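Here is the file coords_15.cif (mmCIF, N, CA and C atoms).
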```cif
data_protein
#
loop_
_atom_site.label_atom_id
_atom_site.label_comp_id
_atom_site.auth_asym_id
_atom_site.auth_seq_id
_atom_site.Cartn_x
_atom_site.Cartn_y
_atom_site.Cartn_z
N MET A 1 -10.19 71.93 35.19
CA MET A 1 -11.11 73.06 35.21
C MET A 1 -10.37 74.37 35.46
N ALA A 2 -9.25 74.29 36.16
CA ALA A 2 -8.48 75.51 36.43
C ALA A 2 -8.05 76.20 35.14
N LEU A 3 -7.64 75.42 34.14
CA LEU A 3 -7.23 76.01 32.86
C LEU A 3 -8.43 76.63 32.13
N ALA A 4 -9.57 75.98 32.21
CA ALA A 4 -10.78 76.53 31.59
C ALA A 4 -11.16 77.85 32.26
N LEU A 5 -11.01 77.92 33.57
CA LEU A 5 -11.29 79.17 34.29
C LEU A 5 -10.30 80.27 33.88
N GLU A 6 -9.05 79.91 33.64
CA GLU A 6 -8.08 80.89 33.13
C GLU A 6 -8.53 81.44 31.78
N GLU A 7 -9.01 80.55 30.92
CA GLU A 7 -9.51 80.98 29.62
C GLU A 7 -10.73 81.89 29.77
N ALA A 8 -11.59 81.58 30.73
CA ALA A 8 -12.77 82.42 30.97
C ALA A 8 -12.35 83.80 31.45
N GLU A 9 -11.38 83.86 32.35
CA GLU A 9 -10.89 85.15 32.84
C GLU A 9 -10.28 85.96 31.70
N ALA A 10 -9.53 85.31 30.82
CA ALA A 10 -8.94 86.00 29.67
C ALA A 10 -10.03 86.53 28.74
N ALA A 11 -11.08 85.75 28.57
CA ALA A 11 -12.20 86.19 27.73
C ALA A 11 -12.83 87.45 28.32
N ALA A 12 -13.04 87.45 29.62
CA ALA A 12 -13.62 88.62 30.28
C ALA A 12 -12.74 89.86 30.08
N MET A 13 -11.44 89.67 30.14
CA MET A 13 -10.51 90.79 29.93
C MET A 13 -10.61 91.35 28.51
N ARG A 14 -11.02 90.53 27.57
CA ARG A 14 -11.22 90.98 26.18
C ARG A 14 -12.62 91.54 25.96
N GLY A 15 -13.44 91.56 27.00
CA GLY A 15 -14.81 92.04 26.87
C GLY A 15 -15.79 90.99 26.40
N GLU A 16 -15.35 89.74 26.42
CA GLU A 16 -16.21 88.62 26.01
C GLU A 16 -16.88 88.02 27.24
N VAL A 17 -18.02 87.36 27.04
CA VAL A 17 -18.66 86.63 28.12
C VAL A 17 -17.64 85.60 28.62
N PRO A 18 -17.38 85.58 29.94
CA PRO A 18 -16.30 84.74 30.47
C PRO A 18 -16.63 83.24 30.52
N VAL A 19 -16.39 82.60 29.39
CA VAL A 19 -16.53 81.15 29.29
C VAL A 19 -15.22 80.62 28.70
N GLY A 20 -14.71 79.57 29.32
CA GLY A 20 -13.49 78.95 28.84
C GLY A 20 -13.67 77.46 28.69
N ALA A 21 -12.90 76.88 27.77
CA ALA A 21 -12.99 75.44 27.50
C ALA A 21 -11.59 74.86 27.28
N VAL A 22 -11.41 73.63 27.73
CA VAL A 22 -10.15 72.92 27.56
C VAL A 22 -10.48 71.49 27.16
N ILE A 23 -9.75 70.97 26.16
CA ILE A 23 -9.92 69.58 25.74
C ILE A 23 -8.64 68.83 26.08
N VAL A 24 -8.85 67.67 26.72
CA VAL A 24 -7.74 66.86 27.22
C VAL A 24 -7.82 65.47 26.60
N ARG A 25 -6.64 64.95 26.22
CA ARG A 25 -6.53 63.58 25.70
C ARG A 25 -5.38 62.91 26.42
N ALA A 26 -5.65 61.80 27.06
CA ALA A 26 -4.63 61.03 27.78
C ALA A 26 -3.84 61.91 28.75
N GLY A 27 -4.54 62.80 29.44
CA GLY A 27 -3.91 63.65 30.44
C GLY A 27 -3.18 64.86 29.89
N GLU A 28 -3.18 65.05 28.58
CA GLU A 28 -2.50 66.18 27.95
C GLU A 28 -3.52 67.14 27.35
N VAL A 29 -3.28 68.43 27.53
CA VAL A 29 -4.15 69.45 26.92
C VAL A 29 -3.88 69.48 25.42
N VAL A 30 -4.93 69.30 24.63
CA VAL A 30 -4.78 69.37 23.18
C VAL A 30 -5.36 70.65 22.60
N ALA A 31 -6.24 71.31 23.36
CA ALA A 31 -6.82 72.58 22.90
C ALA A 31 -7.40 73.32 24.08
N ARG A 32 -7.37 74.64 23.97
CA ARG A 32 -8.00 75.49 24.98
C ARG A 32 -8.44 76.78 24.30
N ALA A 33 -9.54 77.33 24.79
CA ALA A 33 -10.07 78.54 24.16
C ALA A 33 -11.03 79.24 25.13
N GLY A 34 -11.21 80.50 24.87
CA GLY A 34 -12.22 81.30 25.55
C GLY A 34 -13.15 81.87 24.49
N ASN A 35 -14.29 82.37 24.92
CA ASN A 35 -15.23 82.98 23.98
C ASN A 35 -14.55 84.07 23.17
N ARG A 36 -14.90 84.16 21.89
CA ARG A 36 -14.36 85.20 21.00
C ARG A 36 -15.44 85.67 20.01
N THR A 37 -16.70 85.63 20.42
CA THR A 37 -17.78 86.00 19.49
C THR A 37 -17.69 87.45 19.06
N ARG A 38 -17.39 88.34 19.98
CA ARG A 38 -17.31 89.77 19.65
C ARG A 38 -16.05 90.06 18.83
N GLU A 39 -14.94 89.53 19.31
CA GLU A 39 -13.66 89.77 18.64
C GLU A 39 -13.67 89.30 17.19
N LEU A 40 -14.19 88.10 16.97
CA LEU A 40 -14.21 87.52 15.63
C LEU A 40 -15.46 87.88 14.84
N ARG A 41 -16.40 88.55 15.51
CA ARG A 41 -17.69 88.87 14.90
C ARG A 41 -18.33 87.61 14.32
N ASP A 42 -18.34 86.59 15.19
CA ASP A 42 -18.79 85.26 14.78
C ASP A 42 -19.67 84.69 15.89
N PRO A 43 -20.96 84.55 15.67
CA PRO A 43 -21.84 84.04 16.72
C PRO A 43 -21.55 82.60 17.11
N THR A 44 -20.78 81.88 16.31
CA THR A 44 -20.44 80.50 16.65
C THR A 44 -19.11 80.39 17.39
N ALA A 45 -18.44 81.48 17.66
CA ALA A 45 -17.11 81.45 18.27
C ALA A 45 -17.18 81.29 19.79
N HIS A 46 -18.00 80.35 20.23
CA HIS A 46 -18.06 80.01 21.65
C HIS A 46 -16.79 79.24 22.00
N ALA A 47 -16.43 79.28 23.27
CA ALA A 47 -15.21 78.61 23.73
C ALA A 47 -15.18 77.14 23.33
N GLU A 48 -16.30 76.45 23.50
CA GLU A 48 -16.35 75.02 23.18
C GLU A 48 -16.11 74.77 21.70
N ILE A 49 -16.73 75.56 20.84
CA ILE A 49 -16.59 75.39 19.39
C ILE A 49 -15.14 75.63 18.98
N LEU A 50 -14.54 76.71 19.49
CA LEU A 50 -13.16 77.01 19.15
C LEU A 50 -12.22 75.91 19.62
N ALA A 51 -12.46 75.40 20.82
CA ALA A 51 -11.62 74.31 21.34
C ALA A 51 -11.83 73.03 20.52
N LEU A 52 -13.06 72.73 20.16
CA LEU A 52 -13.34 71.55 19.34
C LEU A 52 -12.64 71.66 17.98
N ARG A 53 -12.72 72.83 17.36
CA ARG A 53 -12.07 73.02 16.06
C ARG A 53 -10.57 72.78 16.18
N ALA A 54 -9.96 73.35 17.21
CA ALA A 54 -8.51 73.20 17.38
C ALA A 54 -8.14 71.75 17.67
N ALA A 55 -8.90 71.09 18.53
CA ALA A 55 -8.60 69.69 18.87
C ALA A 55 -8.78 68.77 17.66
N CYS A 56 -9.83 68.99 16.89
CA CYS A 56 -10.06 68.16 15.71
C CYS A 56 -8.95 68.37 14.69
N ALA A 57 -8.51 69.61 14.53
CA ALA A 57 -7.40 69.89 13.60
C ALA A 57 -6.13 69.20 14.09
N GLN A 58 -5.88 69.30 15.39
CA GLN A 58 -4.67 68.69 15.95
C GLN A 58 -4.71 67.18 15.83
N GLN A 59 -5.88 66.58 16.02
CA GLN A 59 -6.05 65.13 15.95
C GLN A 59 -6.30 64.64 14.52
N ARG A 60 -6.51 65.59 13.60
CA ARG A 60 -6.78 65.28 12.19
C ARG A 60 -8.00 64.38 12.03
N SER A 61 -9.05 64.72 12.77
CA SER A 61 -10.29 63.94 12.71
C SER A 61 -11.45 64.79 13.19
N GLU A 62 -12.62 64.55 12.61
CA GLU A 62 -13.82 65.25 13.08
C GLU A 62 -14.41 64.59 14.33
N ARG A 63 -13.90 63.43 14.66
CA ARG A 63 -14.34 62.71 15.86
C ARG A 63 -13.15 62.51 16.79
N ILE A 64 -13.34 62.95 18.02
CA ILE A 64 -12.26 62.87 19.01
C ILE A 64 -12.79 62.16 20.26
N ALA A 65 -13.17 60.91 20.04
CA ALA A 65 -13.85 60.11 21.06
C ALA A 65 -12.98 59.80 22.28
N ASP A 66 -11.68 59.98 22.17
CA ASP A 66 -10.81 59.72 23.31
C ASP A 66 -10.45 60.99 24.07
N CYS A 67 -11.23 62.04 23.85
CA CYS A 67 -10.97 63.33 24.49
C CYS A 67 -12.08 63.70 25.47
N ASP A 68 -11.69 64.49 26.47
CA ASP A 68 -12.61 65.02 27.47
C ASP A 68 -12.63 66.54 27.36
N LEU A 69 -13.79 67.13 27.60
CA LEU A 69 -13.96 68.58 27.51
C LEU A 69 -14.32 69.14 28.87
N TYR A 70 -13.59 70.17 29.28
CA TYR A 70 -13.87 70.91 30.50
C TYR A 70 -14.32 72.31 30.09
N VAL A 71 -15.46 72.73 30.59
CA VAL A 71 -15.98 74.06 30.23
C VAL A 71 -16.59 74.70 31.46
N THR A 72 -16.50 76.02 31.53
CA THR A 72 -16.91 76.73 32.75
C THR A 72 -18.40 76.96 32.86
N LEU A 73 -19.14 76.78 31.77
CA LEU A 73 -20.58 77.00 31.79
C LEU A 73 -21.26 75.87 31.01
N GLU A 74 -22.41 75.46 31.48
CA GLU A 74 -23.18 74.44 30.76
C GLU A 74 -23.29 74.82 29.29
N PRO A 75 -22.90 73.95 28.39
CA PRO A 75 -22.95 74.27 26.97
C PRO A 75 -24.37 74.59 26.49
N CYS A 76 -24.42 75.55 25.56
CA CYS A 76 -25.68 75.90 24.92
C CYS A 76 -26.07 74.78 23.96
N PRO A 77 -27.27 74.83 23.38
CA PRO A 77 -27.69 73.78 22.46
C PRO A 77 -26.75 73.60 21.26
N MET A 78 -26.25 74.71 20.71
CA MET A 78 -25.32 74.61 19.57
C MET A 78 -24.06 73.85 19.97
N CYS A 79 -23.49 74.23 21.10
CA CYS A 79 -22.25 73.59 21.56
C CYS A 79 -22.49 72.14 21.96
N ALA A 80 -23.61 71.87 22.61
CA ALA A 80 -23.92 70.49 22.99
C ALA A 80 -24.03 69.60 21.75
N THR A 81 -24.62 70.11 20.71
CA THR A 81 -24.74 69.34 19.47
C THR A 81 -23.36 69.09 18.87
N ALA A 82 -22.51 70.11 18.86
CA ALA A 82 -21.15 69.93 18.33
C ALA A 82 -20.36 68.93 19.18
N ILE A 83 -20.55 68.96 20.47
CA ILE A 83 -19.89 68.02 21.38
C ILE A 83 -20.33 66.59 21.03
N SER A 84 -21.60 66.42 20.78
CA SER A 84 -22.11 65.11 20.39
C SER A 84 -21.52 64.67 19.05
N PHE A 85 -21.51 65.57 18.07
CA PHE A 85 -20.96 65.23 16.75
C PHE A 85 -19.48 64.86 16.83
N ALA A 86 -18.74 65.52 17.73
CA ALA A 86 -17.30 65.24 17.88
C ALA A 86 -17.06 63.95 18.67
N ARG A 87 -18.11 63.42 19.27
CA ARG A 87 -18.03 62.18 20.05
C ARG A 87 -17.14 62.33 21.29
N ILE A 88 -17.18 63.51 21.89
CA ILE A 88 -16.42 63.75 23.13
C ILE A 88 -16.78 62.66 24.15
N ARG A 89 -15.77 62.12 24.81
CA ARG A 89 -15.97 61.02 25.77
C ARG A 89 -16.65 61.49 27.05
N ARG A 90 -16.09 62.54 27.65
CA ARG A 90 -16.62 63.06 28.92
C ARG A 90 -16.74 64.57 28.84
N LEU A 91 -17.83 65.09 29.37
CA LEU A 91 -18.04 66.53 29.47
C LEU A 91 -18.10 66.90 30.94
N TYR A 92 -17.22 67.81 31.33
CA TYR A 92 -17.20 68.36 32.69
C TYR A 92 -17.54 69.83 32.57
N TYR A 93 -18.54 70.30 33.32
CA TYR A 93 -18.79 71.74 33.30
C TYR A 93 -19.01 72.25 34.71
N ALA A 94 -18.74 73.55 34.87
CA ALA A 94 -18.78 74.18 36.18
C ALA A 94 -20.19 74.66 36.52
N ALA A 95 -20.58 75.78 35.98
CA ALA A 95 -21.85 76.41 36.33
C ALA A 95 -22.98 75.95 35.41
N SER A 96 -24.14 75.74 36.00
CA SER A 96 -25.35 75.44 35.22
C SER A 96 -25.85 76.70 34.56
N ASP A 97 -26.61 76.54 33.48
CA ASP A 97 -27.19 77.68 32.78
C ASP A 97 -28.67 77.42 32.52
N PRO A 98 -29.52 77.70 33.54
CA PRO A 98 -30.95 77.44 33.38
C PRO A 98 -31.60 78.18 32.22
N LYS A 99 -31.06 79.34 31.85
CA LYS A 99 -31.65 80.13 30.77
C LYS A 99 -31.19 79.69 29.38
N GLY A 100 -29.89 79.43 29.21
CA GLY A 100 -29.36 79.16 27.88
C GLY A 100 -28.71 77.81 27.70
N GLY A 101 -28.72 77.00 28.74
CA GLY A 101 -28.06 75.69 28.64
C GLY A 101 -28.80 74.73 27.74
N GLY A 102 -28.05 73.77 27.22
CA GLY A 102 -28.65 72.79 26.34
C GLY A 102 -28.37 71.36 26.75
N VAL A 103 -27.83 71.19 27.97
CA VAL A 103 -27.45 69.85 28.43
C VAL A 103 -28.42 69.36 29.49
N GLU A 104 -28.47 70.04 30.61
CA GLU A 104 -29.40 69.66 31.68
C GLU A 104 -30.57 70.63 31.78
N HIS A 105 -30.55 71.65 30.95
CA HIS A 105 -31.64 72.62 30.87
C HIS A 105 -32.04 72.77 29.41
N GLY A 106 -33.08 73.55 29.15
CA GLY A 106 -33.50 73.80 27.78
C GLY A 106 -33.79 72.51 27.03
N PRO A 107 -33.26 72.37 25.83
CA PRO A 107 -33.62 71.22 25.00
C PRO A 107 -32.96 69.89 25.39
N ARG A 108 -32.03 69.92 26.34
CA ARG A 108 -31.38 68.68 26.79
C ARG A 108 -30.96 67.81 25.59
N ILE A 109 -30.06 68.35 24.83
CA ILE A 109 -29.63 67.76 23.56
C ILE A 109 -29.27 66.29 23.66
N PHE A 110 -28.53 65.92 24.70
CA PHE A 110 -28.06 64.53 24.81
C PHE A 110 -29.19 63.54 25.11
N SER A 111 -30.35 64.05 25.50
CA SER A 111 -31.49 63.18 25.79
C SER A 111 -32.44 63.01 24.60
N GLN A 112 -32.17 63.71 23.53
CA GLN A 112 -33.06 63.68 22.37
C GLN A 112 -32.87 62.39 21.57
N PRO A 113 -33.94 61.84 21.01
CA PRO A 113 -33.81 60.62 20.21
C PRO A 113 -32.94 60.82 18.97
N THR A 114 -32.78 62.05 18.51
CA THR A 114 -31.96 62.32 17.34
C THR A 114 -30.47 62.47 17.68
N CYS A 115 -30.13 62.40 18.95
CA CYS A 115 -28.74 62.52 19.38
C CYS A 115 -28.06 61.16 19.24
N HIS A 116 -26.98 61.14 18.46
CA HIS A 116 -26.28 59.88 18.20
C HIS A 116 -25.23 59.53 19.23
N HIS A 117 -24.80 60.49 20.02
CA HIS A 117 -23.78 60.24 21.04
C HIS A 117 -23.97 61.19 22.20
N ALA A 118 -23.94 60.65 23.39
CA ALA A 118 -24.00 61.47 24.61
C ALA A 118 -22.75 61.17 25.44
N PRO A 119 -22.00 62.21 25.78
CA PRO A 119 -20.81 61.98 26.60
C PRO A 119 -21.21 61.67 28.04
N GLU A 120 -20.28 61.08 28.77
CA GLU A 120 -20.46 61.01 30.23
C GLU A 120 -20.50 62.45 30.71
N LEU A 121 -21.33 62.73 31.69
CA LEU A 121 -21.57 64.10 32.10
C LEU A 121 -21.26 64.29 33.58
N TYR A 122 -20.49 65.35 33.87
CA TYR A 122 -20.13 65.71 35.24
C TYR A 122 -20.30 67.22 35.38
N SER A 123 -21.14 67.65 36.30
CA SER A 123 -21.39 69.08 36.45
C SER A 123 -21.04 69.54 37.86
N GLY A 124 -20.91 70.85 38.00
CA GLY A 124 -20.69 71.46 39.30
C GLY A 124 -19.23 71.62 39.72
N LEU A 125 -18.28 71.29 38.86
CA LEU A 125 -16.86 71.44 39.21
C LEU A 125 -16.50 72.93 39.26
N ASP A 126 -16.02 73.42 40.39
CA ASP A 126 -15.67 74.84 40.56
C ASP A 126 -16.83 75.76 40.19
N GLU A 127 -18.03 75.30 40.48
CA GLU A 127 -19.23 76.04 40.10
C GLU A 127 -19.27 77.45 40.68
N ASP A 128 -18.90 77.61 41.94
CA ASP A 128 -18.96 78.93 42.57
C ASP A 128 -18.04 79.92 41.88
N ARG A 129 -16.84 79.49 41.55
CA ARG A 129 -15.89 80.39 40.90
C ARG A 129 -16.37 80.78 39.50
N ALA A 130 -16.83 79.82 38.74
CA ALA A 130 -17.31 80.09 37.38
C ALA A 130 -18.54 80.99 37.41
N ALA A 131 -19.47 80.69 38.29
CA ALA A 131 -20.69 81.51 38.40
C ALA A 131 -20.34 82.92 38.85
N GLY A 132 -19.37 83.05 39.75
CA GLY A 132 -18.93 84.36 40.21
C GLY A 132 -18.35 85.19 39.08
N LEU A 133 -17.56 84.57 38.23
CA LEU A 133 -17.00 85.29 37.07
C LEU A 133 -18.12 85.84 36.20
N LEU A 134 -19.12 85.02 35.94
CA LEU A 134 -20.24 85.45 35.10
C LEU A 134 -21.05 86.56 35.78
N ARG A 135 -21.35 86.37 37.06
CA ARG A 135 -22.11 87.40 37.80
C ARG A 135 -21.38 88.74 37.77
N ASN A 136 -20.10 88.72 38.08
CA ASN A 136 -19.31 89.96 38.12
C ASN A 136 -19.24 90.61 36.75
N PHE A 137 -19.07 89.81 35.71
CA PHE A 137 -19.00 90.33 34.35
C PHE A 137 -20.28 91.07 33.99
N PHE A 138 -21.42 90.44 34.22
CA PHE A 138 -22.69 91.06 33.85
C PHE A 138 -23.07 92.20 34.78
N ALA A 139 -22.71 92.12 36.04
CA ALA A 139 -22.97 93.23 36.98
C ALA A 139 -22.22 94.48 36.53
N ALA A 140 -20.98 94.32 36.10
CA ALA A 140 -20.19 95.46 35.63
C ALA A 140 -20.79 96.07 34.37
N ARG A 141 -21.46 95.29 33.55
CA ARG A 141 -22.06 95.80 32.33
C ARG A 141 -23.33 96.60 32.62
N ARG A 142 -23.97 96.29 33.75
CA ARG A 142 -25.23 96.96 34.09
C ARG A 142 -25.03 98.29 34.79
N THR A 143 -23.82 98.55 35.26
CA THR A 143 -23.60 99.81 36.01
C THR A 143 -23.03 100.88 35.13
#
```

Represent the supplied structure as structure tokens.
Amino acid sequence: MALALEEAEAAAMRGEVPVGAVIVRAGEVVARAGNRTRELRDPTAHAEILALRAACAQQRSERIADCDLYVTLEPCPMCATAISFARIRRLYYAASDPKGGGVEHGPRIFSQPTCHHAPELYSGLDEDRAAGLLRNFFAARRT
């Protein structure tokens, strides 16, 4: 999670919402990314999507079932669906997102009958630090 938090901090420095993601396979980092929606002018350039794209390219497969994903914020519905499609083994996330989350809030993608794969789920890792990054980022935008 520490690497994902580094990615989130880097995203904030670029003016992006501070979310970071890291994909690990057999203890080795295979991909890492931070949000780049503004920079790339791409609404799908969430940290999770960018990390999934990089990991799938590196693994030469659209399914990376032996990989784990660490992300600083509960994935949105779009990202949760992509995580399911990629067959991620375990999902670890830091802060919950009651407003925009798609895992334990909102549509709860992994609980839907149309979901073909649900990763093992672990939440709350470094939650205070991740939530603090988000709070500070948005507080600075409001002043």

Task: Matched chain/residue IDs from the PyMOL selection byres ((chain A and resi 21-23) around 5), as JSON, numbers by chain - done: {"A": [4, 19, 20, 24, 25, 29, 30, 31, 32, 33, 34, 47, 68, 69, 70, 71]}

Open item on the list: List as a VMD selection string the protein and nucleic acid residues near Tyr92 of chain A, meaning an atom at most 8 Å away when all atoms listed in the file are counted, but skip any in the same chain fewer than 5 places from it.
Closed with: chain A and resid 1 68 to 75 120 to 125

The selected residues should be written to file as a PDB file, in the frame of the given file (atoms: N, CA and C atoms).
```pdb
ATOM      1  N   MET A   1     -10.190  71.930  35.190  1.00  0.00           N
ATOM      2  CA  MET A   1     -11.110  73.060  35.210  1.00  0.00           C
ATOM      3  C   MET A   1     -10.370  74.370  35.460  1.00  0.00           C
ATOM      4  N   ASP A  68     -11.690  64.490  26.470  1.00  0.00           N
ATOM      5  CA  ASP A  68     -12.610  65.020  27.470  1.00  0.00           C
ATOM      6  C   ASP A  68     -12.630  66.540  27.360  1.00  0.00           C
ATOM      7  N   LEU A  69     -13.790  67.130  27.600  1.00  0.00           N
ATOM      8  CA  LEU A  69     -13.960  68.580  27.510  1.00  0.00           C
ATOM      9  C   LEU A  69     -14.320  69.140  28.870  1.00  0.00           C
ATOM     10  N   TYR A  70     -13.590  70.170  29.280  1.00  0.00           N
ATOM     11  CA  TYR A  70     -13.870  70.910  30.500  1.00  0.00           C
ATOM     12  C   TYR A  70     -14.320  72.310  30.090  1.00  0.00           C
ATOM     13  N   VAL A  71     -15.460  72.730  30.590  1.00  0.00           N
ATOM     14  CA  VAL A  71     -15.980  74.060  30.230  1.00  0.00           C
ATOM     15  C   VAL A  71     -16.590  74.700  31.460  1.00  0.00           C
ATOM     16  N   THR A  72     -16.500  76.020  31.530  1.00  0.00           N
ATOM     17  CA  THR A  72     -16.910  76.730  32.750  1.00  0.00           C
ATOM     18  C   THR A  72     -18.400  76.960  32.860  1.00  0.00           C
ATOM     19  N   LEU A  73     -19.140  76.780  31.770  1.00  0.00           N
ATOM     20  CA  LEU A  73     -20.580  77.000  31.790  1.00  0.00           C
ATOM     21  C   LEU A  73     -21.260  75.870  31.010  1.00  0.00           C
ATOM     22  N   GLU A  74     -22.410  75.460  31.480  1.00  0.00           N
ATOM     23  CA  GLU A  74     -23.180  74.440  30.760  1.00  0.00           C
ATOM     24  C   GLU A  74     -23.290  74.820  29.290  1.00  0.00           C
ATOM     25  N   PRO A  75     -22.900  73.950  28.390  1.00  0.00           N
ATOM     26  CA  PRO A  75     -22.950  74.270  26.970  1.00  0.00           C
ATOM     27  C   PRO A  75     -24.370  74.590  26.490  1.00  0.00           C
ATOM     28  N   GLU A 120     -20.280  61.080  28.770  1.00  0.00           N
ATOM     29  CA  GLU A 120     -20.460  61.010  30.230  1.00  0.00           C
ATOM     30  C   GLU A 120     -20.500  62.450  30.710  1.00  0.00           C
ATOM     31  N   LEU A 121     -21.330  62.730  31.690  1.00  0.00           N
ATOM     32  CA  LEU A 121     -21.570  64.100  32.100  1.00  0.00           C
ATOM     33  C   LEU A 121     -21.260  64.290  33.580  1.00  0.00           C
ATOM     34  N   TYR A 122     -20.490  65.350  33.870  1.00  0.00           N
ATOM     35  CA  TYR A 122     -20.130  65.710  35.240  1.00  0.00           C
ATOM     36  C   TYR A 122     -20.300  67.220  35.380  1.00  0.00           C
ATOM     37  N   SER A 123     -21.140  67.650  36.300  1.00  0.00           N
ATOM     38  CA  SER A 123     -21.390  69.080  36.450  1.00  0.00           C
ATOM     39  C   SER A 123     -21.040  69.540  37.860  1.00  0.00           C
ATOM     40  N   GLY A 124     -20.910  70.850  38.000  1.00  0.00           N
ATOM     41  CA  GLY A 124     -20.690  71.460  39.300  1.00  0.00           C
ATOM     42  C   GLY A 124     -19.230  71.620  39.720  1.00  0.00           C
ATOM     43  N   LEU A 125     -18.280  71.290  38.860  1.00  0.00           N
ATOM     44  CA  LEU A 125     -16.860  71.440  39.210  1.00  0.00           C
ATOM     45  C   LEU A 125     -16.500  72.930  39.260  1.00  0.00           C
TER      46      LEU A 125
END
```

Open item on the list: Evaluate the PyMOL selection byres (((chain A and resi 87 and name CA) around 6) and name CA) against this structure - the residues, as a VMD selection string, please.
Closed with: chain A and resid 63 to 65 84 to 86 88

TODO: Go through chain A and collect every residue that DSSP, computed from the backbone, puts in helix (DSSP H, G or I); the answer should be as a VMD selection string.
DONE: chain A and resid 2 to 13 37 to 40 47 to 59 77 to 86 109 to 111 127 to 142

Open item on the list: Using Å and a single decimal, report how far atom CA of Gly100 of chain A sits from atom N of Glu16 of chain A.
Closed with: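 Computing it gives 17.6 Å between the two atoms.
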
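Between atom CA of Glu127 of chain A and atom CA of Gly27 of chain A the separation is 21.9 Å.
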
TODO: Fewer than 6 positions away in the same chain doesn't count, so skip those; otherwise give me all residues within 9 Å of Pro77 of chain A, counting only C-alpha atoms, as a ChimeraX atom specification.
DONE: /A:100-103,106-109

- [ ] Work out how far apart atom N of Phe137 of chain A and atom N of Ala10 of chain A are and give it in Å to one decimal.
- [x]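 Straight-line distance from atom N of Phe137 of chain A to atom N of Ala10 of chain A works out to 11.6 Å.
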
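Between Gly132 of chain A and the residues A:Ser61, A:Leu3, A:Ala95, A:His116, the shortest atom-to-atom distance, using all atoms listed in the file, involves A:Ala95.
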
DSSP on the backbone, then: every residue of chain A marked strand (DSSP E), written as a compact mmCIF listing (two decimals) with N, CA and C atoms, in the frame of the given file.
```
# COMPACT_ATOMS: atom_id res chain seq x y z
N GLY A 20 -14.71 79.57 29.32
CA GLY A 20 -13.49 78.95 28.84
C GLY A 20 -13.67 77.46 28.69
N ALA A 21 -12.90 76.88 27.77
CA ALA A 21 -12.99 75.44 27.50
C ALA A 21 -11.59 74.86 27.28
N VAL A 22 -11.41 73.63 27.73
CA VAL A 22 -10.15 72.92 27.56
C VAL A 22 -10.48 71.49 27.16
N ILE A 23 -9.75 70.97 26.16
CA ILE A 23 -9.92 69.58 25.74
C ILE A 23 -8.64 68.83 26.08
N VAL A 24 -8.85 67.67 26.72
CA VAL A 24 -7.74 66.86 27.22
C VAL A 24 -7.82 65.47 26.60
N ARG A 25 -6.64 64.95 26.22
CA ARG A 25 -6.53 63.58 25.70
C ARG A 25 -5.38 62.91 26.42
N GLU A 28 -3.18 65.05 28.58
CA GLU A 28 -2.50 66.18 27.95
C GLU A 28 -3.52 67.14 27.35
N VAL A 29 -3.28 68.43 27.53
CA VAL A 29 -4.15 69.45 26.92
C VAL A 29 -3.88 69.48 25.42
N VAL A 30 -4.93 69.30 24.63
CA VAL A 30 -4.78 69.37 23.18
C VAL A 30 -5.36 70.65 22.60
N ALA A 31 -6.24 71.31 23.36
CA ALA A 31 -6.82 72.58 22.90
C ALA A 31 -7.40 73.32 24.08
N ARG A 32 -7.37 74.64 23.97
CA ARG A 32 -8.00 75.49 24.98
C ARG A 32 -8.44 76.78 24.30
N ALA A 33 -9.54 77.33 24.79
CA ALA A 33 -10.07 78.54 24.16
C ALA A 33 -11.03 79.24 25.13
N GLY A 34 -11.21 80.50 24.87
CA GLY A 34 -12.22 81.30 25.55
C GLY A 34 -13.15 81.87 24.49
N CYS A 67 -11.23 62.04 23.85
CA CYS A 67 -10.97 63.33 24.49
C CYS A 67 -12.08 63.70 25.47
N ASP A 68 -11.69 64.49 26.47
CA ASP A 68 -12.61 65.02 27.47
C ASP A 68 -12.63 66.54 27.36
N LEU A 69 -13.79 67.13 27.60
CA LEU A 69 -13.96 68.58 27.51
C LEU A 69 -14.32 69.14 28.87
N TYR A 70 -13.59 70.17 29.28
CA TYR A 70 -13.87 70.91 30.50
C TYR A 70 -14.32 72.31 30.09
N VAL A 71 -15.46 72.73 30.59
CA VAL A 71 -15.98 74.06 30.23
C VAL A 71 -16.59 74.70 31.46
N THR A 72 -16.50 76.02 31.53
CA THR A 72 -16.91 76.73 32.75
C THR A 72 -18.40 76.96 32.86
N LEU A 73 -19.14 76.78 31.77
CA LEU A 73 -20.58 77.00 31.79
C LEU A 73 -21.26 75.87 31.01
N ARG A 90 -16.09 62.54 27.65
CA ARG A 90 -16.62 63.06 28.92
C ARG A 90 -16.74 64.57 28.84
N LEU A 91 -17.83 65.09 29.37
CA LEU A 91 -18.04 66.53 29.47
C LEU A 91 -18.10 66.90 30.94
N TYR A 92 -17.22 67.81 31.33
CA TYR A 92 -17.20 68.36 32.69
C TYR A 92 -17.54 69.83 32.57
N TYR A 93 -18.54 70.30 33.32
CA TYR A 93 -18.79 71.74 33.30
C TYR A 93 -19.01 72.25 34.71
N ALA A 94 -18.74 73.55 34.87
CA ALA A 94 -18.78 74.18 36.18
C ALA A 94 -20.19 74.66 36.52
N ALA A 95 -20.58 75.78 35.98
CA ALA A 95 -21.85 76.41 36.33
C ALA A 95 -22.98 75.95 35.41
N GLU A 120 -20.28 61.08 28.77
CA GLU A 120 -20.46 61.01 30.23
C GLU A 120 -20.50 62.45 30.71
N LEU A 121 -21.33 62.73 31.69
CA LEU A 121 -21.57 64.10 32.10
C LEU A 121 -21.26 64.29 33.58
N TYR A 122 -20.49 65.35 33.87
CA TYR A 122 -20.13 65.71 35.24
C TYR A 122 -20.30 67.22 35.38
N SER A 123 -21.14 67.65 36.30
CA SER A 123 -21.39 69.08 36.45
C SER A 123 -21.04 69.54 37.86
```

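Each of A:Ala80, A:Pro113, A:Leu40, A:His46 was checked against Pro18 of chain A using only C-alpha atoms; the smallest atom-to-atom distance is that of A:His46.
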